[in-house]
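Participant: Structure below; questions to follow.
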Number of protein chains: 2
Amino acid sequence: MTKAAQRPVMHDVARLAGVSHQTVSRVLNAHPHVSAETRERVIVAMRQLNYRPNAFARGLVTNRSRRIGVMSFDRRMFGPGSTLRAIEHAARAAGYGVAVVGTTDLSVGDINDAVESLDAQSVDGIIVIAPTQAAVRALGTLPRGLPIVALEAEYRPELPVVSIDQFEGARLATRHLLDLGHETVWHVGGPSDWREALLRVDGWRATLADASKRTPPLLEGNWSPRSGYAAGLELARRDDVTAVFAANDQMALGVIHALAQAGRRVPEDVSVVGFDDIPEAEFFLPGLTTVRQDFDEVGRLGLDLLVRILDDSATEHRERPTIAPQLIVRASTTPV
Amino acid sequence: MTKAAQRPVMHDVARLAGVSHQTVSRVLNAHPHVSAETRERVIVAMRQLNYRPNAFARGLVTNRSRRIGVMSFDRRMFGPGSTLRAIEHAARAAGYGVAVVGTTDLSVGDINDAVESLDAQSVDGIIVIAPTQAAVRALGTLPRGLPIVALEAEYRPELPVVSIDQFEGARLATRHLLDLGHETVWHVGGPSDWREALLRVDGWRATLADASKRTPPLLEGNWSPRSGYAAGLELARRDDVTAVFAANDQMALGVIHALAQAGRRVPEDVSVVGFDDIPEAEFFLPGLTTVRQDFDEVGRLGLDLLVRILDDSATEHRERPTIAPQLIVRASTTPV
DNA sequence: AGGCATCCTGGCATCGTTAACATCGCCGGT
DNA sequence: ACCGGCGATGTTAACGATGCCAGGATGCCT
């Protein structure tokens, strides 16, 4: 019949190697009790036929897909994009595939849809880039015991989390500006339902308090350059602003743009610090002092943790890795 | 007898609804010859048990996964990130899941690995964000007839492609600068093995030729702000440069940075145009005139095309959608 | 009343793999 | 020489869906 064109199956390999299909399966799964000689013969046959095991059949019986899901908020942002890339890279090395779903508004319904979609693809586990409080709460409604690792999520005892020390990052930024002699530091924060935004606000406030400086009112943006611009217009209206810490580089860019339009020079009149260290930051005018986050490391550690949980779900995994951020000083900050 | 905790199977639904498993299958696959009343009863039972069909079993017999693969170069870049997001969104709406793999160096081996990985996840088809000539050539070696759609790829009769009209985009940028009265336009191109880079060079050259302007030597970058900076230093060394068209916004940023450092003002001394319209571009100093590419539309059309091919592989699909770019004029360009 | 379509049942084969169990030699101990 | 044990293999039964088929019940048309 039309035998030739078909994709070869285990039985074909077995026949060619002169063994039973079970032996082929044993070779494939590195089981013991196969003689070296037989193994070799099977491997040759597999190569010769260009055999690839059928993932459906395998999954049907093992109930494992060797695929993980990644749920991510806006992938166009530098952070999530970098993290996803790192996860995929690490996953491939560990023999896992990666399915992605995006979330748009981080509502409970939205997140349920996303989890549903991953579940339909029978992933073995999920990594969530879950930046808001609501997102983490929605994860409470996850389906039958799918292992989950969250990145940058609020602490909960039962939820493995990998995160960057946002509080410390904000402290570095604020401290740097104070060390340059600024009387106080203004802050343009991210959306108040994002954990990262909140922790940066906390770090900023605590550092000011430690130094016994007054705490100016908080300005709130939404991570976009435009919202930074709006905040910048606000700041330009006051003449006592000499130092601004923006919760990400895009907002810092907007702030600088607004200040420049109002005739305030950066850094001569106002020093500005960002957060993230996106690749463009070094080439802003002026080059942006910022706090670098190692998004790749977050992705790698997140995947490692998930894989360990999958390989060994018996033992509890209590680590909650935290990564230290790093201050990158450039031209946008200067002593008063 | 640990019956309760198990994930329900089709038979459980059938029993609860008082029908045969065959009828449940018909409901699930929207086959005809099921009375409305029975269908309703089955659906209620499915909901009640929270039944989800087993994708492995289904795939084993249908040999379809309802999952597509996306192969993408650097996802941290704005373009690929946006496109991936649009693909995933459209795919979910069409009932498909998305598996991603990244490519790092676009070598033949690298691309083979990536395709291999997708194949192991038994995707039904692949969308390739295949920006280099080498990448497209490597696709010649694809496995047994997996349908492929390429984005921004070189034309080949057998390869469905969706792309943005790069030539036209470069023409818009160059024309805009000439219309402002500039004697000629310098160009900082992308890597010479990228199709997009080549077409932009072509568009730039053709527009200059049409206007009978001299063509300055081409400067070549690698899309990064740093390479734009290097090119900018070069340009700042000459005093006859009044207009620069950079092949993406990041390089334009680098160019502006270098010019500013050399004391050349943008746009008073030199006008600069970018390409892409990344969200930051509007807030660069000065706001960047650029050519907007609709990456979302590329993703959507690419997915549509692939799904049509999957649903109806019999007929040939000869469309090669092309999307028009759009010039966005901001503050970085001005008449001489 | 007969013919025919519609709706459904229920059994059985099938997809390609893994897991549990059976078998068959061979070796060493007594 | 017999027997227990184990290493190497083969045999058979799942896994959970889809697809095919024969057939029964019902209703409508002629």
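All residue names refer to the structure tokens as shown: chains lettered A, B, ... in order, residues numbered from 1 in each chain, ligands numbered from 1 in order.
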Under the rule of at most 10 Å, produce a per-residue listing of chain C near chain A: chain, number, name, the closest pair of atoms, and the distance in Å, as a tab-separated table, using only C-alpha atoms (C1' of nucleotides).

Facilitator:
residue	atom	partner	partner_atom	distance
C:DC15	C1'	A:Ala57	CA	7.6
C:DG16	C1'	A:Ala57	CA	4.9
C:DT17	C1'	A:Ala57	CA	4.7
C:DT18	C1'	A:Val61	CA	6.0
C:DA19	C1'	A:Val61	CA	8.9

Participant: Per DSSP on the backbone, filter stretch 51-239 of chain A down to the residues in strand (DSSP E or B) and report them as a PyMOL selection string.

Facilitator: chain A and resi 67-72+97-102+125-129+132+148-151+156+159+161-164+186-189+194+219-220

Participant: Hey, what's within 12 Å of C:DC26 if we count only C-alpha atoms (C1' of nucleotides) and toss same-chain stuff fewer than 4 positions away? As number ranges by chain, please?

Facilitator: D: 5-8

Participant: Go ahead and save the picked residues with N, CA and C atoms (P, O5', C5', C4', C3', O3' and C1' of nucleotides), as a PDB file, in the first residue's frame.

Facilitator:
ATOM      1  P    DG D   5      15.477 -16.493  44.806  1.00  0.00           P
ATOM      2  O5'  DG D   5      16.411 -15.859  43.702  1.00  0.00           O
ATOM      3  C5'  DG D   5      17.826 -15.860  43.894  1.00  0.00           C
ATOM      4  C4'  DG D   5      18.471 -15.096  42.759  1.00  0.00           C
ATOM      5  C3'  DG D   5      17.683 -13.846  42.323  1.00  0.00           C
ATOM      6  O3'  DG D   5      18.604 -12.803  42.054  1.00  0.00           O
ATOM      7  C1'  DG D   5      17.986 -15.262  40.472  1.00  0.00           C
ATOM      8  P    DC D   6      18.109 -11.264  41.952  1.00  0.00           P
ATOM      9  O5'  DC D   6      18.969 -10.719  40.733  1.00  0.00           O
ATOM     10  C5'  DC D   6      20.098 -11.446  40.232  1.00  0.00           C
ATOM     11  C4'  DC D   6      20.128 -11.325  38.720  1.00  0.00           C
ATOM     12  C3'  DC D   6      19.339 -10.124  38.163  1.00  0.00           C
ATOM     13  O3'  DC D   6      20.029  -9.613  37.050  1.00  0.00           O
ATOM     14  C1'  DC D   6      18.636 -12.053  37.117  1.00  0.00           C
ATOM     15  P    DG D   7      20.217  -8.071  36.818  1.00  0.00           P
ATOM     16  O5'  DG D   7      21.087  -8.041  35.487  1.00  0.00           O
ATOM     17  C5'  DG D   7      21.868  -9.178  35.096  1.00  0.00           C
ATOM     18  C4'  DG D   7      21.584  -9.511  33.641  1.00  0.00           C
ATOM     19  C3'  DG D   7      21.146  -8.324  32.790  1.00  0.00           C
ATOM     20  O3'  DG D   7      21.799  -8.427  31.531  1.00  0.00           O
ATOM     21  C1'  DG D   7      19.525 -10.024  32.663  1.00  0.00           C
ATOM     22  P    DA D   8      21.596  -7.337  30.382  1.00  0.00           P
ATOM     23  O5'  DA D   8      20.538  -8.062  29.453  1.00  0.00           O
ATOM     24  C5'  DA D   8      20.975  -9.129  28.625  1.00  0.00           C
ATOM     25  C4'  DA D   8      19.821  -9.591  27.779  1.00  0.00           C
ATOM     26  C3'  DA D   8      19.185  -8.496  26.906  1.00  0.00           C
ATOM     27  O3'  DA D   8      19.163  -8.971  25.571  1.00  0.00           O
ATOM     28  C1'  DA D   8      17.526  -9.663  28.124  1.00  0.00           C
TER      29       DA D   8
END

Participant: Would you give me, as JSON, numbers by chain, the residues in stretch 164-314 of chain B that DSSP reads as alpha helix (DSSP H)?

Facilitator: {"B": [166, 167, 168, 169, 170, 171, 172, 173, 174, 175, 176, 177, 178, 179, 195, 196, 197, 198, 199, 200, 201, 202, 203, 204, 205, 206, 207, 208, 209, 210, 225, 226, 227, 228, 229, 230, 231, 232, 233, 234, 235, 236, 249, 250, 251, 252, 253, 254, 255, 256, 257, 258, 259, 260, 261, 295, 296, 297, 298, 299, 300, 301, 302, 303, 304, 305, 306, 307, 308, 309, 310, 311]}

Participant: So which residues touch stretch 7-13 of chain C within 10 Å, counting only C-alpha atoms (C1' of nucleotides), skipping near sequence neighbours fewer than 3 positions away, as an mmCIF file with C-alpha atoms (C1' of nucleotides), in the first residue's frame?

Facilitator:
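Once everything was written out, this is out18.cif:
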data_model
loop_
_atom_site.group_PDB
_atom_site.id
_atom_site.type_symbol
_atom_site.label_atom_id
_atom_site.label_comp_id
_atom_site.auth_asym_id
_atom_site.auth_seq_id
_atom_site.Cartn_x
_atom_site.Cartn_y
_atom_site.Cartn_z
ATOM 1 C CA VAL B 19 -26.241 8.726 25.989
ATOM 2 C CA SER B 20 -23.463 6.808 24.325
ATOM 3 C CA HIS B 21 -19.928 8.084 24.184
ATOM 4 C CA GLN B 22 -20.346 8.315 20.455
ATOM 5 C CA THR B 23 -23.016 10.947 20.862
ATOM 6 C CA PRO B 32 -24.888 16.742 12.396
ATOM 7 C CA HIS B 33 -27.639 14.333 13.424
ATOM 8 C CA VAL B 34 -27.784 15.236 17.072
ATOM 9 C CA SER B 35 -31.063 16.620 18.331
ATOM 10 C CA THR B 38 -29.689 15.774 23.412
ATOM 11 C "C1'" DG D 19 -14.659 6.441 12.886
ATOM 12 C "C1'" DC D 20 -17.206 2.829 10.926
ATOM 13 C "C1'" DC D 21 -20.947 -0.211 10.885
ATOM 14 C "C1'" DA D 22 -25.148 -2.601 11.823
ATOM 15 C "C1'" DG D 23 -29.310 -1.868 13.627
ATOM 16 C "C1'" DG D 24 -33.413 -0.134 16.322
ATOM 17 C "C1'" DA D 25 -36.868 3.387 17.170
ATOM 18 C "C1'" DT D 26 -39.436 7.150 15.593
#

Participant: Would you pick out the contacts of stretch 78-84 of chain A at 9 Å or less, using only C-alpha atoms (C1' of nucleotides), so that residues sharing its chain but fewer than 5 positions from it are not included, and give the list as number ranges by chain?

Facilitator: A: 70, 72-73, 89, 100, 129, 276, 278-279, 293-300; B: 74-78, 81

Participant: With only C-alpha atoms (C1' of nucleotides) as the counted atoms, please give the residues lying no more than 8 Å from A:Phe284, apart from itself and same-chain residues fewer than 5 positions off, as a PyMOL selection string.

Facilitator: (chain A and resi 253) or (chain B and resi 253+257+284-285)
